[in-house]
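See below for upload-v7.pdb, which holds PDB, C-alpha atoms.
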```
ATOM      1  CA  MET C 248      72.690  82.809 104.133
ATOM      2  CA  ASN C 249      71.763  86.480 104.510
ATOM      3  CA  LYS C 250      73.094  88.637 107.321
ATOM      4  CA  THR C 251      70.195  90.107 109.266
ATOM      5  CA  PHE C 252      70.017  93.207 111.430
ATOM      6  CA  LYS C 253      71.002  92.644 115.052
ATOM      7  CA  THR C 254      70.042  94.917 117.929
ATOM      8  CA  LEU C 255      72.697  96.039 120.400
ATOM      9  CA  ASP C 256      71.398  93.466 122.922
ATOM     10  CA  GLU C 257      71.681  90.732 120.300
ATOM     11  CA  GLN C 258      75.214  91.854 119.393
ATOM     12  CA  ILE C 259      76.219  91.667 123.060
ATOM     13  CA  SER C 260      74.680  88.198 123.369
ATOM     14  CA  ILE C 261      76.572  86.928 120.312
ATOM     15  CA  LEU C 262      79.890  88.129 121.725
ATOM     16  CA  GLN C 263      79.169  86.628 125.134
ATOM     17  CA  SER C 264      78.104  83.318 123.572
ATOM     18  CA  LYS C 265      81.552  83.133 121.967
ATOM     19  CA  GLY C 266      83.255  83.600 125.312
ATOM     20  CA  LEU C 267      84.055  87.315 125.282
ATOM     21  CA  ILE C 268      83.862  88.837 128.759
ATOM     22  CA  ILE C 269      81.945  92.135 128.867
ATOM     23  CA  ASN C 270      82.354  93.880 132.212
ATOM     24  CA  ASN C 271      80.347  97.009 131.424
ATOM     25  CA  ILE C 272      77.424  96.217 129.144
ATOM     26  CA  PRO C 273      75.989  99.780 128.863
ATOM     27  CA  GLU C 274      79.419 101.118 127.876
ATOM     28  CA  ALA C 275      79.931  98.261 125.404
ATOM     29  CA  LYS C 276      76.552  99.055 123.810
ATOM     30  CA  GLU C 277      77.512 102.714 123.395
ATOM     31  CA  ILE C 278      80.815 101.715 121.764
ATOM     32  CA  LEU C 279      79.078  99.303 119.405
ATOM     33  CA  LEU C 280      76.577 101.997 118.455
ATOM     34  CA  ARG C 281      79.239 104.642 117.818
ATOM     35  CA  GLU C 282      81.931 102.495 116.219
ATOM     36  CA  ASN C 283      79.819  99.785 114.501
ATOM     37  CA  TYR C 284      79.777  96.119 115.493
ATOM     38  CA  PHE C 285      82.019  95.260 112.576
ATOM     39  CA  PHE C 286      84.894  97.319 113.968
ATOM     40  CA  LEU C 287      85.563  94.182 116.019
ATOM     41  CA  ASN C 288      86.171  91.995 112.982
ATOM     42  CA  GLY C 289      89.720  93.098 112.307
ATOM     43  CA  TYR C 290      90.812  92.972 115.926
ATOM     44  CA  ARG C 291      89.064  90.003 117.479
ATOM     45  CA  LEU C 292      91.154  87.506 115.495
ATOM     46  CA  LEU C 293      94.014  88.195 117.908
ATOM     47  CA  PHE C 294      91.796  87.004 120.741
ATOM     48  CA  MET C 295      90.280  83.908 119.131
ATOM     49  CA  ILE C 296      91.311  80.331 119.750
ATOM     50  CA  SER C 297      91.976  79.678 116.068
ATOM     51  CA  GLU C 298      90.745  80.564 112.584
ATOM     52  CA  SER C 299      88.510  77.520 112.623
ATOM     53  CA  ASP C 300      87.346  77.930 116.229
ATOM     54  CA  LYS C 301      85.809  81.386 116.416
ATOM     55  CA  SER C 302      85.489  81.290 120.198
ATOM     56  CA  PHE C 303      87.487  83.765 122.260
ATOM     57  CA  ILE C 304      90.494  82.617 124.264
ATOM     58  CA  PRO C 305      90.054  82.363 128.072
ATOM     59  CA  ASN C 306      89.861  85.709 129.907
ATOM     60  CA  ALA C 307      89.631  87.804 126.716
ATOM     61  CA  ASP C 308      87.377  90.796 127.327
ATOM     62  CA  PHE C 309      85.690  93.547 125.364
ATOM     63  CA  ASP C 310      87.998  96.224 126.772
ATOM     64  CA  GLU C 311      91.033  94.502 125.258
ATOM     65  CA  VAL C 312      89.465  94.314 121.809
ATOM     66  CA  TYR C 313      88.473  97.964 122.053
ATOM     67  CA  ALA C 314      92.022  98.825 123.192
ATOM     68  CA  MET C 315      93.316  97.203 119.986
ATOM     69  CA  PHE C 316      90.873  99.297 117.985
ATOM     70  CA  HIS C 317      92.096 102.474 119.684
ATOM     71  CA  PHE C 318      95.732 101.441 119.273
ATOM     72  CA  ASP C 319      95.243 100.936 115.544
ATOM     73  CA  ARG C 320      93.526 104.315 115.255
ATOM     74  CA  HIS C 321      96.372 106.074 117.059
ATOM     75  CA  ILE C 322      99.212 104.453 115.117
ATOM     76  CA  ARG C 323      97.267 105.044 111.894
ATOM     77  CA  ASN C 324      97.242 108.782 112.684
ATOM     78  CA  ILE C 325     100.971 108.706 113.408
ATOM     79  CA  ILE C 326     101.786 106.874 110.190
ATOM     80  CA  PHE C 327      99.399 108.997 108.140
ATOM     81  CA  LYS C 328     100.945 112.343 109.054
ATOM     82  CA  ASN C 329     104.386 111.025 108.118
ATOM     83  CA  LEU C 330     103.101 109.621 104.842
ATOM     84  CA  LEU C 331     101.733 113.078 104.051
ATOM     85  CA  ILE C 332     105.228 114.479 104.619
ATOM     86  CA  ILE C 333     106.648 111.954 102.142
ATOM     87  CA  GLU C 334     103.853 112.667  99.672
ATOM     88  CA  ASN C 335     104.622 116.377  99.775
ATOM     89  CA  ASN C 336     108.373 115.728  99.508
ATOM     90  CA  ILE C 337     108.113 113.464  96.462
ATOM     91  CA  LYS C 338     105.714 115.846  94.714
ATOM     92  CA  SER C 339     107.978 118.824  95.387
ATOM     93  CA  ILE C 340     111.189 117.069  94.329
ATOM     94  CA  MET C 341     109.591 115.618  91.215
ATOM     95  CA  ALA C 342     108.104 118.980  90.203
ATOM     96  CA  TYR C 343     111.444 120.717  90.717
ATOM     97  CA  ASN C 344     113.429 118.211  88.655
ATOM     98  CA  LEU C 345     110.932 117.989  85.796
ATOM     99  CA  SER C 346     110.272 121.747  85.635
ATOM    100  CA  MET C 347     113.996 122.433  85.460
ATOM    101  CA  ARG C 348     114.368 119.918  82.637
ATOM    102  CA  TYR C 349     111.161 120.350  80.613
ATOM    103  CA  GLY C 350     109.666 123.731  81.485
ATOM    104  CA  TYR C 351     106.798 124.924  83.644
ATOM    105  CA  LYS C 352     103.846 125.151  81.234
ATOM    106  CA  GLU C 353     101.478 122.220  80.605
ATOM    107  CA  LYS C 354     102.173 122.282  76.882
ATOM    108  CA  ASP C 355     105.863 121.723  77.680
ATOM    109  CA  TYR C 356     106.006 119.320  80.632
ATOM    110  CA  LEU C 357     103.100 117.154  79.432
ATOM    111  CA  GLU C 358     104.668 116.296  76.083
ATOM    112  CA  ALA C 359     104.919 112.552  75.487
ATOM    113  CA  LYS C 360     108.542 112.876  74.351
ATOM    114  CA  ASN C 361     109.534 113.794  77.910
ATOM    115  CA  PHE C 362     108.763 110.269  79.106
ATOM    116  CA  THR C 363     110.081 106.784  78.481
ATOM    117  CA  ASN C 364     110.570 105.931  74.822
ATOM    118  CA  ASP C 365     109.882 102.246  75.459
ATOM    119  CA  ARG C 366     107.359 101.393  72.738
ATOM    120  CA  LYS C 367     105.752  98.752  74.950
ATOM    121  CA  ARG C 368     104.790 101.489  77.415
ATOM    122  CA  LYS C 369     103.470 104.041  74.936
ATOM    123  CA  LYS C 370      99.860 103.265  75.848
ATOM    124  CA  GLN C 371     100.673 103.664  79.544
ATOM    125  CA  VAL C 372     102.286 107.052  78.863
ATOM    126  CA  ASP C 373      99.311 108.223  76.783
ATOM    127  CA  ASP C 374      96.809 106.971  79.374
ATOM    128  CA  LEU C 375      98.613 108.673  82.252
ATOM    129  CA  LEU C 376      98.890 111.979  80.420
ATOM    130  CA  ARG C 377      95.138 111.823  79.821
ATOM    131  CA  LYS C 378      94.578 111.139  83.529
ATOM    132  CA  MET C 379      96.744 114.096  84.508
ATOM    133  CA  LYS C 380      95.003 116.430  82.090
ATOM    134  CA  ARG C 381      91.643 115.204  83.378
ATOM    135  CA  GLN C 382      92.630 115.846  87.007
ATOM    136  CA  ILE C 383      93.871 119.305  86.030
ATOM    137  CA  ARG C 384      90.578 120.011  84.251
ATOM    138  CA  ILE C 385      88.342 118.666  87.023
ATOM    139  CA  ASN C 386      90.276 119.675  90.135
ATOM    140  CA  GLY C 387      91.958 122.778  88.782
ATOM    141  CA  GLY C 388      88.877 124.878  89.256
ATOM    142  CA  GLN C 389      88.442 123.794  92.852
ATOM    143  CA  HIS C 390      91.757 125.025  94.246
ATOM    144  CA  GLN C 391      92.721 128.626  94.845
ATOM    145  CA  ALA C 392      96.327 128.237  93.670
ATOM    146  CA  THR C 393      95.443 126.537  90.375
ATOM    147  CA  MET C 394      92.676 129.047  89.681
ATOM    148  CA  HIS C 395      95.063 131.910  90.405
ATOM    149  CA  TYR C 396      97.679 130.709  87.910
ATOM    150  CA  MET C 397      95.123 129.864  85.249
ATOM    151  CA  ASN C 398      93.309 133.191  85.549
ATOM    152  CA  LYS C 399      96.406 135.359  85.823
ATOM    153  CA  TYR C 400      98.936 133.537  83.620
ATOM    154  CA  GLY C 401      96.887 131.130  81.521
ATOM    155  CA  TYR C 402      98.793 128.035  82.621
ATOM    156  CA  ILE C 403      99.415 125.940  85.752
ATOM    157  CA  PRO C 404     103.053 125.143  86.565
ATOM    158  CA  LEU C 405     103.940 121.604  87.571
ATOM    159  CA  TRP C 406     104.778 122.586  91.149
ATOM    160  CA  ILE C 407     101.132 123.625  91.509
ATOM    161  CA  VAL C 408      99.682 120.764  89.467
ATOM    162  CA  VAL C 409     101.240 118.122  91.740
ATOM    163  CA  LYS C 410      99.140 119.468  94.608
ATOM    164  CA  ILE C 411      95.970 118.237  92.912
ATOM    165  CA  LEU C 412      97.362 114.910  91.704
ATOM    166  CA  SER C 413      96.714 111.808  93.784
ATOM    167  CA  PHE C 414      99.705 110.010  95.282
ATOM    168  CA  GLY C 415      98.858 107.039  93.081
ATOM    169  CA  ILE C 416      99.076 109.167  89.926
ATOM    170  CA  VAL C 417     102.394 110.640  91.091
ATOM    171  CA  GLY C 418     103.788 107.138  91.629
ATOM    172  CA  GLU C 419     102.654 106.085  88.180
ATOM    173  CA  LEU C 420     104.161 109.263  86.740
ATOM    174  CA  TYR C 421     107.523 108.349  88.258
ATOM    175  CA  SER C 422     107.339 104.881  86.727
ATOM    176  CA  ILE C 423     107.153 106.266  83.176
ATOM    177  CA  LEU C 424     109.859 108.915  83.499
ATOM    178  CA  LYS C 425     113.089 108.585  81.606
ATOM    179  CA  TYR C 426     115.750 106.605  83.442
ATOM    180  CA  GLU C 427     117.954 109.638  84.078
ATOM    181  CA  ASP C 428     115.029 111.577  85.567
ATOM    182  CA  GLN C 429     114.163 108.671  87.844
ATOM    183  CA  LYS C 430     117.798 108.496  88.986
ATOM    184  CA  ALA C 431     117.924 112.227  89.708
ATOM    185  CA  ILE C 432     114.738 112.165  91.801
ATOM    186  CA  ALA C 433     115.751 109.031  93.734
ATOM    187  CA  SER C 434     119.176 110.526  94.468
ATOM    188  CA  ASP C 435     117.511 113.411  96.300
ATOM    189  CA  PHE C 436     116.310 110.786  98.800
ATOM    190  CA  ASN C 437     119.679 108.985  98.738
ATOM    191  CA  ILE C 438     118.024 105.785  97.555
ATOM    192  CA  GLU C 439     118.224 103.708  94.419
ATOM    193  CA  ARG C 440     115.904 104.260  91.486
ATOM    194  CA  ASP C 441     114.783 100.593  91.506
ATOM    195  CA  ASP C 442     113.855 100.855  95.184
ATOM    196  CA  LEU C 443     111.819 104.022  94.692
ATOM    197  CA  ILE C 444     109.838 102.336  91.912
ATOM    198  CA  ILE C 445     108.845  99.654  94.438
ATOM    199  CA  TYR C 446     108.323 102.058  97.336
ATOM    200  CA  LEU C 447     105.935 104.546  95.730
ATOM    201  CA  PRO C 448     102.981 102.153  95.153
ATOM    202  CA  ILE C 449     103.447 100.778  98.678
ATOM    203  CA  LEU C 450     103.447 104.295 100.134
ATOM    204  CA  ALA C 451     100.324 105.183  98.145
ATOM    205  CA  ASN C 452      98.608 101.989  99.292
ATOM    206  CA  PHE C 453      99.275 102.652 102.983
ATOM    207  CA  ARG C 454      98.409 106.341 102.554
ATOM    208  CA  ASN C 455      94.979 105.509 101.119
ATOM    209  CA  LEU C 456      94.389 102.892 103.796
ATOM    210  CA  CYS C 457      95.090 105.461 106.513
ATOM    211  CA  ALA C 458      92.940 108.104 104.830
ATOM    212  CA  HIS C 459      89.959 105.724 104.780
ATOM    213  CA  GLU C 460      90.531 104.498 108.351
ATOM    214  CA  ASP C 461      91.016 100.889 107.356
ATOM    215  CA  ILE C 462      92.835  98.423 109.593
ATOM    216  CA  LEU C 463      96.548  99.227 109.604
ATOM    217  CA  TYR C 464      98.406  97.057 112.108
ATOM    218  CA  SER C 465      98.011  93.789 110.174
ATOM    219  CA  HIS C 466      97.921  95.180 106.628
ATOM    220  CA  LYS C 467     100.110  93.542 103.998
ATOM    221  CA  ALA C 468     101.236  95.308 100.836
ATOM    222  CA  GLN C 469     100.864  93.540  97.497
ATOM    223  CA  ARG C 470     104.600  93.638  96.869
ATOM    224  CA  ASP C 471     107.686  92.898  98.961
ATOM    225  CA  ILE C 472     110.479  95.398  99.373
ATOM    226  CA  GLU C 473     114.033  94.269  98.711
ATOM    227  CA  ASN C 474     116.254  93.168 101.578
ATOM    228  CA  THR C 475     118.005  96.097 103.247
ATOM    229  CA  LYS C 476     120.811  96.652 105.708
ATOM    230  CA  TYR C 477     118.125  97.194 108.356
ATOM    231  CA  HIS C 478     116.924  93.593 108.019
ATOM    232  CA  GLN C 479     120.490  92.434 108.532
ATOM    233  CA  GLU C 480     121.463  94.839 111.321
ATOM    234  CA  LEU C 481     118.319  94.059 113.322
ATOM    235  CA  LYS C 482     119.032  90.339 112.861
ATOM    236  CA  ILE C 483     115.494  89.673 111.706
ATOM    237  CA  PRO C 484     114.918  85.879 111.607
ATOM    238  CA  LYS C 485     114.541  84.013 108.338
ATOM    239  CA  ILE C 486     112.432  81.096 107.162
ATOM    240  CA  ASN C 487     113.581  79.414 103.948
ATOM    241  CA  GLU C 488     116.111  82.230 103.484
ATOM    242  CA  GLU C 489     113.355  84.866 103.585
ATOM    243  CA  TYR C 490     113.091  87.480 106.344
ATOM    244  CA  ILE C 491     109.904  86.969 108.340
ATOM    245  CA  TYR C 492     109.466  90.680 109.144
ATOM    246  CA  GLY C 493     109.867  93.877 107.162
ATOM    247  CA  LYS C 494     109.024  92.661 103.677
ATOM    248  CA  ASN C 495     105.377  93.590 102.981
ATOM    249  CA  ASP C 496     104.070  94.388 106.466
ATOM    250  CA  LEU C 497     103.854  97.551 108.549
ATOM    251  CA  PHE C 498     107.520  97.275 109.470
ATOM    252  CA  ALA C 499     108.390  97.235 105.773
ATOM    253  CA  LEU C 500     106.710 100.643 105.611
ATOM    254  CA  VAL C 501     108.762 101.748 108.620
ATOM    255  CA  ILE C 502     111.927 100.697 106.755
ATOM    256  CA  ILE C 503     110.841 102.769 103.748
ATOM    257  CA  LEU C 504     110.138 105.775 105.972
ATOM    258  CA  LYS C 505     113.537 105.347 107.630
ATOM    259  CA  GLN C 506     115.121 105.914 104.247
ATOM    260  CA  MET C 507     112.887 108.770 103.079
ATOM    261  CA  LEU C 508     112.038 110.865 106.136
ATOM    262  CA  ARG C 509     114.425 113.331 107.719
ATOM    263  CA  LYS C 510     116.107 111.831 110.770
ATOM    264  CA  LYS C 511     114.307 114.007 113.319
ATOM    265  CA  ASP C 512     110.900 113.223 111.801
ATOM    266  CA  PHE C 513     111.606 109.505 111.718
ATOM    267  CA  ASN C 514     112.896 109.383 115.299
ATOM    268  CA  LEU C 515     109.825 111.285 116.509
ATOM    269  CA  MET C 516     107.594 108.797 114.698
ATOM    270  CA  ILE C 517     109.310 105.820 116.366
ATOM    271  CA  ASN C 518     108.995 107.452 119.787
ATOM    272  CA  GLU C 519     105.282 108.031 119.187
ATOM    273  CA  LEU C 520     104.779 104.425 118.076
ATOM    274  CA  LYS C 521     106.764 103.193 121.069
ATOM    275  CA  TYR C 522     104.471 105.161 123.391
ATOM    276  CA  GLU C 523     101.305 103.703 121.837
ATOM    277  CA  ILE C 524     102.731 100.176 122.032
ATOM    278  CA  LYS C 525     103.487 100.704 125.733
ATOM    279  CA  VAL C 526      99.963 102.030 126.395
ATOM    280  CA  LEU C 527      98.462  99.001 124.649
ATOM    281  CA  GLU C 528     100.694  96.564 126.523
ATOM    282  CA  GLU C 529      99.350  97.849 129.834
ATOM    283  CA  LYS C 530      95.769  97.147 128.689
ATOM    284  CA  LEU C 531      96.341  93.571 127.513
ATOM    285  CA  HIS C 532      96.090  90.556 129.793
ATOM    286  CA  SER C 533      94.814  87.613 127.717
ATOM    287  CA  ILE C 534      97.459  88.015 124.986
ATOM    288  CA  SER C 535     100.996  89.402 124.989
ATOM    289  CA  ILE C 536     102.227  92.541 123.246
ATOM    290  CA  GLU C 537     104.610  90.236 121.350
ATOM    291  CA  LYS C 538     101.612  88.705 119.579
ATOM    292  CA  VAL C 539     100.538  92.160 118.395
ATOM    293  CA  LEU C 540     104.061  93.070 117.289
ATOM    294  CA  ASN C 541     104.242  89.826 115.332
ATOM    295  CA  GLU C 542     101.061  90.762 113.438
ATOM    296  CA  MET C 543     102.572  94.164 112.700
ATOM    297  CA  GLY C 544     105.793  92.594 111.447
ATOM    298  CA  PHE C 545     107.769  94.398 114.158
ATOM    299  CA  PRO C 546     110.832  92.599 115.543
ATOM    300  CA  LEU C 547     111.166  92.886 119.325
ATOM    301  CA  ASN C 548     114.181  95.165 118.872
ATOM    302  CA  TYR C 549     112.401  97.473 116.405
ATOM    303  CA  GLU C 550     113.475 100.587 118.367
ATOM    304  CA  ARG C 551     117.104 100.007 117.344
ATOM    305  CA  ILE C 552     116.307 101.131 113.814
ATOM    306  CA  VAL C 553     116.697 104.774 114.906
ATOM    307  CA  ASP C 554     120.397 104.163 115.563
ATOM    308  CA  LEU C 555     121.163 102.434 112.259
TER     309      LEU C 555
END
```
Re-express the file's structure as structure tokens.
Amino acid sequence: MNKTFKTLDEQISILQSKGLIINNIPEAKEILLRENYFFLNGYRLLFMISESDKSFIPNADFDEVYAMFHFDRHIRNIIFKNLLIIENNIKSIMAYNLSMRYGYKEKDYLEAKNFTNDRKRKKQVDDLLRKMKRQIRINGGQHQATMHYMNKYGYIPLWIVVKILSFGIVGELYSILKYEDQKAIASDFNIERDDLIIYLPILANFRNLCAHEDILYSHKAQRDIENTKYHQELKIPKINEEYIYGKNDLFALVIILKQMLRKKDFNLMINELKYEIKVLEEKLHSISIEKVLNEMGFPLNYERIVDL
């Protein structure tokens, strides 16, 4: 069955027919026009009776759903700016380590021999080097710093090149480095090499989600992180010996950021999230803030992570 265009009045009628209370119809129409009717899709599930019964729970109103939308937007901005810090940090640390070891000209640091010698990954190495050279060729002429180095020196050093590489490419680059290079880079964050291999694709995934303003609060990464001391210290509950929070959810990202951000940056981030959670709690009446935290993967004592 095809989806047909619905006027603002028809959109309001559909929501009301499903039990959603709308106290200010003109304001609701303006919000639907500006934000798009489908902004509701990712947030109304919290307010529905069940996945099979698409009706809204008693007393749920439009303002609550819109408050969830605003909450997600605000925490997305908080998370995004901290992910950009991590992105810059990993690019800088990687460029420093590799430039020191392999040189600062493309012909030196982009040699295949500088990467893993695992024959099974030769194609991956070759493909990634082609991607990097392509990004340098395409994006290099669009950035002042890269143009400056190319015009003045005839090459672009790695510490400049990383600025034009996507976070995804940088994560893939790390995955094909030699073991000792991976260890050296991970040690600058005081984390294990195996953990950083897992963390980088997750960070890139959440970073891209934030950049495209997708729904954050309920997002699940494709891969679980390993158990950490933070799971244990926060006494996160288990089901079938598996922690129910902090594995592939938003709190898993918080655990990664705890390990990779500087302490003052991380503590500021938690305080900002705490504020937004408090603001949202005051706007909810048909559901509890605990229900939202559960969808985020946040244990009720999440604030304690700053002291661990």
Item to check | Polymer residues at most 12 Å from range 456-465 of chain C, all atoms listed in the file, same-chain spacing of 5 or more positions, as a PyMOL selection string | outcome: chain C and resi 282+285-290+292-293+315-331+414+449-451+492+495-501+520+524+538-545
Item to check | Spatial neighbours of range 297-311 of chain C, max dist 12 Å, only C-alpha atoms, sep filter under 3 positions, as a count of residues only | outcome: 43
Item to check | Computed interatomic separation between CA of Asn361 in chain C and CA of Leu375 in chain C (Å) | outcome: 12.8 Å
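Distances to Ile438 in chain C were evaluated for C:Asn364, C:Asn474, C:Asn455, C:Gln506 using all atoms listed in the file, and the minimum falls at C:Gln506.
Here CA of Pro404 in chain C is placed at a distance of 18.1 Å from CA of Asp428 in chain C.
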Checklist entry - With all atoms listed in the file as the basis for distance, which of C:Leu515, C:Met397, C:Ala431, C:Leu555 is at the shortest distance from Thr475 in chain C? => result C:Leu555
Next on the checklist: Running the PyMOL selection byres ((chain C and resi 342) around 9) on this model by hand, what would come out? Give it as number ranges by chain.
Outcome noted: C: 337-341, 343-347, 351, 404-409
Checklist outcome for this item: In Å and to one decimal, CA of Asp435 in chain C is distant from CA of Tyr490 in chain C by 28.2 Å
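Considering only C-alpha atoms, the residue among C:Glu550, C:Ile296, C:Glu488, C:Leu424 positioned nearest to Arg368 in chain C is C:Leu424.
Take the PyMOL selection byres ((chain C and resi 505) around 10) and apply it to this file: it picks C:Tyr477, C:Ala499, C:Leu500, C:Val501, C:Ile502, C:Ile503, C:Leu504, C:Gln506, C:Met507, C:Leu508, C:Arg509, C:Lys510, C:Asp512, C:Phe513, C:Asn514, C:Met516, C:Ile517, C:Ile552, C:Val553, C:Leu555.
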Checklist entry - Care to translate the PyMOL selection byres ((chain C and resi 469) around 10) into actual residues of this file, as a PyMOL selection string? => result chain C and resi 448-449+452+466-468+470-472+495-496
Checklist outcome for this item: Using all atoms listed in the file, the best pick from C:Lys354, C:Ile411, C:Asp373, C:Lys476 as closest to Ile385 in chain C would be C:Ile411
Could you pull range 314-332 of chain C out of the block above and give me N, CA and C atoms, as a short mmCIF file (atom, residue, chain, number, x, y, z; two decimals), in the first residue's frame?
```cif
data_model
loop_
_atom_site.label_atom_id
_atom_site.label_comp_id
_atom_site.auth_asym_id
_atom_site.auth_seq_id
_atom_site.Cartn_x
_atom_site.Cartn_y
_atom_site.Cartn_z
N ALA C 314 9.06 17.02 23.42
CA ALA C 314 10.14 17.17 24.42
C ALA C 314 11.20 16.10 24.21
N MET C 315 10.78 14.87 23.85
CA MET C 315 11.74 13.81 23.57
C MET C 315 12.58 14.15 22.34
N PHE C 316 11.93 14.71 21.34
CA PHE C 316 12.64 15.14 20.14
C PHE C 316 13.70 16.18 20.48
N HIS C 317 13.32 17.17 21.29
CA HIS C 317 14.26 18.22 21.68
C HIS C 317 15.38 17.65 22.54
N PHE C 318 15.04 16.76 23.44
CA PHE C 318 16.04 16.11 24.30
C PHE C 318 17.08 15.40 23.45
N ASP C 319 16.62 14.64 22.46
CA ASP C 319 17.53 13.89 21.61
C ASP C 319 18.43 14.85 20.83
N ARG C 320 17.86 15.95 20.37
CA ARG C 320 18.65 16.94 19.64
C ARG C 320 19.75 17.53 20.53
N HIS C 321 19.40 17.84 21.76
CA HIS C 321 20.35 18.46 22.67
C HIS C 321 21.47 17.49 23.08
N ILE C 322 21.11 16.26 23.41
CA ILE C 322 22.17 15.32 23.80
C ILE C 322 23.01 14.92 22.59
N ARG C 323 22.40 14.95 21.40
CA ARG C 323 23.16 14.66 20.18
C ARG C 323 24.24 15.73 19.98
N ASN C 324 23.90 17.00 20.24
CA ASN C 324 24.88 18.07 20.12
C ASN C 324 26.00 17.93 21.14
N ILE C 325 25.64 17.51 22.34
CA ILE C 325 26.64 17.30 23.40
C ILE C 325 27.60 16.18 23.02
N ILE C 326 27.03 15.06 22.59
CA ILE C 326 27.85 13.91 22.21
C ILE C 326 28.70 14.24 21.00
N PHE C 327 28.12 14.93 20.03
CA PHE C 327 28.82 15.23 18.79
C PHE C 327 30.09 16.04 19.03
N LYS C 328 29.99 17.08 19.84
CA LYS C 328 31.17 17.93 20.04
C LYS C 328 32.29 17.16 20.74
N ASN C 329 31.93 16.19 21.57
CA ASN C 329 32.96 15.38 22.22
C ASN C 329 33.52 14.31 21.29
N LEU C 330 32.70 13.83 20.38
CA LEU C 330 33.21 12.91 19.36
C LEU C 330 34.19 13.62 18.42
N LEU C 331 33.93 14.89 18.15
CA LEU C 331 34.86 15.66 17.31
C LEU C 331 36.20 15.84 18.01
N ILE C 332 36.17 15.98 19.33
CA ILE C 332 37.42 16.05 20.10
C ILE C 332 38.21 14.76 19.93
#
```
